[in-house]
Amino acid sequence: MFNFDDANKKGKEAMDTALKSYSDVTKSFQAIAAEAAEYSKKSFQDGVAHFETLAGTKSFEAAFELQSSYVKSSYENFVAEATKLGEMYADLAKVAYKPYEAPVAAATKAASKAAATATAA
């Protein structure tokens, strides 16, 4: 027989889980956006400082050396930032998947059990 109290309880649990998941995912997206904005600001400031230094060089060799070191450091900073953002996105995926981990595991277990029973019969 259908029990409205149980259905209400399950519905409330599902809604609470969804809201918590939404909150966690939102916090992760905010952290990623803040990190990207901070990197962009730092990159712009570094570029302006480099251009000011480059404008003050007296020889082609000095300008070439300065440009080479700037490109190298910019590339290293970019790779480090891309790695950091990749890890943040991986963490976001884990946070987003966490509420569904137990139900998926239970469904997989039930499906495996049903398949085993069907093949045995």
# chains A, B, ... in the order shown; residues from 1 in each chain; ligands from 1

call {"tool": "residues_around", "arguments": {"residues": "stretch 29-37 of chain A", "least_positions_apart": "6", "cutoff": "12 Å", "atoms": "only C-alpha atoms", "output": "ChimeraX atom specification"}}
result
/A:22-23,43-44,78,81-82,84-93,95-96

call {"tool": "write_last_selection", "arguments": {"atoms": "N, CA and C atoms", "output": "CSV table (one decimal), in the first residue's frame"}}
result
chain,number,residue,atom,x,y,z
A,22,TYR,N,23.6,21.5,-5.6
A,22,TYR,CA,23.6,22.7,-6.4
A,22,TYR,C,24.5,23.8,-5.7
A,23,SER,N,24.4,23.8,-4.4
A,23,SER,CA,25.2,24.8,-3.6
A,23,SER,C,26.7,24.5,-3.7
A,43,SER,N,48.3,38.2,-15.4
A,43,SER,CA,48.9,38.1,-16.7
A,43,SER,C,48.9,39.5,-17.4
A,44,PHE,N,47.9,40.2,-17.3
A,44,PHE,CA,47.8,41.6,-17.9
A,44,PHE,C,48.9,42.5,-17.3
A,78,PHE,N,51.3,29.8,-17.7
A,78,PHE,CA,50.0,29.4,-18.4
A,78,PHE,C,49.8,27.9,-18.1
A,81,GLU,N,48.8,27.3,-14.6
A,81,GLU,CA,47.4,27.8,-14.4
A,81,GLU,C,46.4,26.8,-15.0
A,82,ALA,N,46.7,26.3,-16.2
A,82,ALA,CA,45.9,25.4,-16.9
A,82,ALA,C,45.8,24.1,-16.1
A,84,LYS,N,46.2,23.8,-12.8
A,84,LYS,CA,45.4,24.1,-11.6
A,84,LYS,C,43.9,24.2,-11.9
A,85,LEU,N,43.5,24.8,-13.1
A,85,LEU,CA,42.1,24.9,-13.4
A,85,LEU,C,41.6,23.5,-13.8
A,86,GLY,N,42.4,22.7,-14.4
A,86,GLY,CA,42.0,21.3,-14.8
A,86,GLY,C,41.7,20.5,-13.5
A,87,GLU,N,42.5,20.7,-12.5
A,87,GLU,CA,42.3,20.0,-11.2
A,87,GLU,C,41.0,20.5,-10.5
A,88,MET,N,40.8,21.8,-10.7
A,88,MET,CA,39.6,22.4,-10.1
A,88,MET,C,38.3,21.9,-10.8
A,89,TYR,N,38.4,21.7,-12.1
A,89,TYR,CA,37.3,21.1,-12.9
A,89,TYR,C,37.1,19.6,-12.5
A,90,ALA,N,38.1,18.9,-12.3
A,90,ALA,CA,38.0,17.5,-11.9
A,90,ALA,C,37.4,17.4,-10.5
A,91,ASP,N,37.7,18.3,-9.6
A,91,ASP,CA,37.1,18.3,-8.3
A,91,ASP,C,35.6,18.7,-8.4
A,92,LEU,N,35.3,19.6,-9.3
A,92,LEU,CA,33.9,20.0,-9.6
A,92,LEU,C,33.1,18.8,-10.0
A,93,ALA,N,33.7,18.0,-10.9
A,93,ALA,CA,33.0,16.8,-11.4
A,93,ALA,C,32.8,15.8,-10.3
A,95,VAL,N,32.4,16.5,-7.1
A,95,VAL,CA,31.4,17.1,-6.2
A,95,VAL,C,30.0,16.9,-6.9
A,96,ALA,N,29.9,17.2,-8.2
A,96,ALA,CA,28.6,17.0,-8.9
A,96,ALA,C,28.2,15.6,-8.9

call {"tool": "closest_residue", "arguments": {"among": "A:Leu19, A:Val48, A:Leu54, A:Ala116", "to": "A:Ser68", "atoms": "only C-alpha atoms"}}
result
A:Leu54

call {"tool": "atom_distance", "arguments": {"atom1": "atom CA of A:His50", "atom2": "atom CA of A:Leu66"}}
result
8.3 Å

call {"tool": "atom_distance", "arguments": {"atom1": "atom CA of A:Lys94", "atom2": "atom CA of A:Ser28"}}
result
10.6 Å

call {"tool": "residues_around", "arguments": {"residues": "A:Ala14", "least_positions_apart": "5", "cutoff": "12 Å", "atoms": "only C-alpha atoms", "output": "PDB file with all heavy atoms, in the first residue's frame"}}
result
ATOM      1  N   ALA A   7       6.578   8.672   1.067  1.00  0.00           N
ATOM      2  CA  ALA A   7       6.811   9.374  -0.196  1.00  0.00           C
ATOM      3  C   ALA A   7       7.235  10.824   0.075  1.00  0.00           C
ATOM      4  O   ALA A   7       8.146  11.345  -0.585  1.00  0.00           O
ATOM      5  CB  ALA A   7       5.557   9.348  -1.059  1.00  0.00           C
ATOM      6  N   ASN A   8       6.600  11.461   1.039  1.00  0.00           N
ATOM      7  CA  ASN A   8       6.945  12.836   1.400  1.00  0.00           C
ATOM      8  C   ASN A   8       8.369  12.906   1.948  1.00  0.00           C
ATOM      9  O   ASN A   8       9.137  13.809   1.596  1.00  0.00           O
ATOM     10  CB  ASN A   8       5.943  13.361   2.426  1.00  0.00           C
ATOM     11  CG  ASN A   8       6.117  14.842   2.689  1.00  0.00           C
ATOM     12  OD1 ASN A   8       6.670  15.553   1.868  1.00  0.00           O
ATOM     13  ND2 ASN A   8       5.626  15.303   3.825  1.00  0.00           N
ATOM     14  N   LYS A   9       8.723  11.937   2.772  1.00  0.00           N
ATOM     15  CA  LYS A   9      10.067  11.898   3.354  1.00  0.00           C
ATOM     16  C   LYS A   9      11.119  11.714   2.260  1.00  0.00           C
ATOM     17  O   LYS A   9      12.146  12.391   2.245  1.00  0.00           O
ATOM     18  CB  LYS A   9      10.149  10.769   4.377  1.00  0.00           C
ATOM     19  CG  LYS A   9      11.476  10.668   5.078  1.00  0.00           C
ATOM     20  CD  LYS A   9      11.490   9.523   6.088  1.00  0.00           C
ATOM     21  CE  LYS A   9      12.867   9.358   6.693  1.00  0.00           C
ATOM     22  NZ  LYS A   9      12.949   8.190   7.572  1.00  0.00           N
ATOM     23  N   LEU A  19      19.570  20.393  -3.486  1.00  0.00           N
ATOM     24  CA  LEU A  19      19.944  21.751  -3.103  1.00  0.00           C
ATOM     25  C   LEU A  19      21.380  21.815  -2.591  1.00  0.00           C
ATOM     26  O   LEU A  19      22.116  22.751  -2.900  1.00  0.00           O
ATOM     27  CB  LEU A  19      18.976  22.303  -2.056  1.00  0.00           C
ATOM     28  CG  LEU A  19      17.579  22.621  -2.572  1.00  0.00           C
ATOM     29  CD1 LEU A  19      16.670  23.044  -1.427  1.00  0.00           C
ATOM     30  CD2 LEU A  19      17.638  23.704  -3.629  1.00  0.00           C
ATOM     31  N   LYS A  20      21.793  20.807  -1.821  1.00  0.00           N
ATOM     32  CA  LYS A  20      23.169  20.774  -1.332  1.00  0.00           C
ATOM     33  C   LYS A  20      24.132  20.604  -2.505  1.00  0.00           C
ATOM     34  O   LYS A  20      25.163  21.272  -2.572  1.00  0.00           O
ATOM     35  CB  LYS A  20      23.369  19.656  -0.320  1.00  0.00           C
ATOM     36  CG  LYS A  20      24.780  19.627   0.274  1.00  0.00           C
ATOM     37  CD  LYS A  20      24.945  18.552   1.302  1.00  0.00           C
ATOM     38  CE  LYS A  20      26.305  18.488   1.915  1.00  0.00           C
ATOM     39  NZ  LYS A  20      27.411  19.080   1.250  1.00  0.00           N
ATOM     40  N   SER A  21      23.783  19.733  -3.423  1.00  0.00           N
ATOM     41  CA  SER A  21      24.623  19.512  -4.605  1.00  0.00           C
ATOM     42  C   SER A  21      24.724  20.799  -5.425  1.00  0.00           C
ATOM     43  O   SER A  21      25.812  21.179  -5.864  1.00  0.00           O
ATOM     44  CB  SER A  21      24.040  18.398  -5.465  1.00  0.00           C
ATOM     45  OG  SER A  21      24.767  18.270  -6.657  1.00  0.00           O
ATOM     46  N   PRO A  99      26.396  13.071  -5.076  1.00  0.00           N
ATOM     47  CA  PRO A  99      25.039  12.703  -4.648  1.00  0.00           C
ATOM     48  C   PRO A  99      24.465  11.495  -5.400  1.00  0.00           C
ATOM     49  O   PRO A  99      23.567  10.830  -4.911  1.00  0.00           O
ATOM     50  CB  PRO A  99      24.193  13.939  -4.937  1.00  0.00           C
ATOM     51  CG  PRO A  99      25.136  15.041  -5.121  1.00  0.00           C
ATOM     52  CD  PRO A  99      26.434  14.445  -5.550  1.00  0.00           C
ATOM     53  N   TYR A 100      24.981  11.237  -6.581  1.00  0.00           N
ATOM     54  CA  TYR A 100      24.450  10.150  -7.397  1.00  0.00           C
ATOM     55  C   TYR A 100      25.254   8.861  -7.248  1.00  0.00           C
ATOM     56  O   TYR A 100      24.878   7.836  -7.802  1.00  0.00           O
ATOM     57  CB  TYR A 100      24.420  10.579  -8.870  1.00  0.00           C
ATOM     58  CG  TYR A 100      23.670  11.864  -9.059  1.00  0.00           C
ATOM     59  CD1 TYR A 100      24.338  13.063  -9.282  1.00  0.00           C
ATOM     60  CD2 TYR A 100      22.285  11.900  -8.976  1.00  0.00           C
ATOM     61  CE1 TYR A 100      23.645  14.253  -9.421  1.00  0.00           C
ATOM     62  CE2 TYR A 100      21.579  13.079  -9.109  1.00  0.00           C
ATOM     63  CZ  TYR A 100      22.267  14.255  -9.337  1.00  0.00           C
ATOM     64  OH  TYR A 100      21.583  15.425  -9.473  1.00  0.00           O
ATOM     65  N   PRO A 103      23.114   5.984  -5.256  1.00  0.00           N
ATOM     66  CA  PRO A 103      22.018   5.410  -6.049  1.00  0.00           C
ATOM     67  C   PRO A 103      22.496   4.635  -7.281  1.00  0.00           C
ATOM     68  O   PRO A 103      21.936   3.587  -7.615  1.00  0.00           O
ATOM     69  CB  PRO A 103      21.191   6.626  -6.468  1.00  0.00           C
ATOM     70  CG  PRO A 103      21.514   7.681  -5.486  1.00  0.00           C
ATOM     71  CD  PRO A 103      22.925   7.422  -5.066  1.00  0.00           C
TER      72      PRO A 103
END

call {"tool": "atom_distance", "arguments": {"atom1": "atom CA of A:Met15", "atom2": "atom CA of A:Ser112"}}
result
28.2 Å

call {"tool": "closest_residue", "arguments": {"among": "A:Glu52, A:Gly47, A:Lys12, A:Glu101", "to": "A:Ser73", "atoms": "only C-alpha atoms"}}
result
A:Gly47
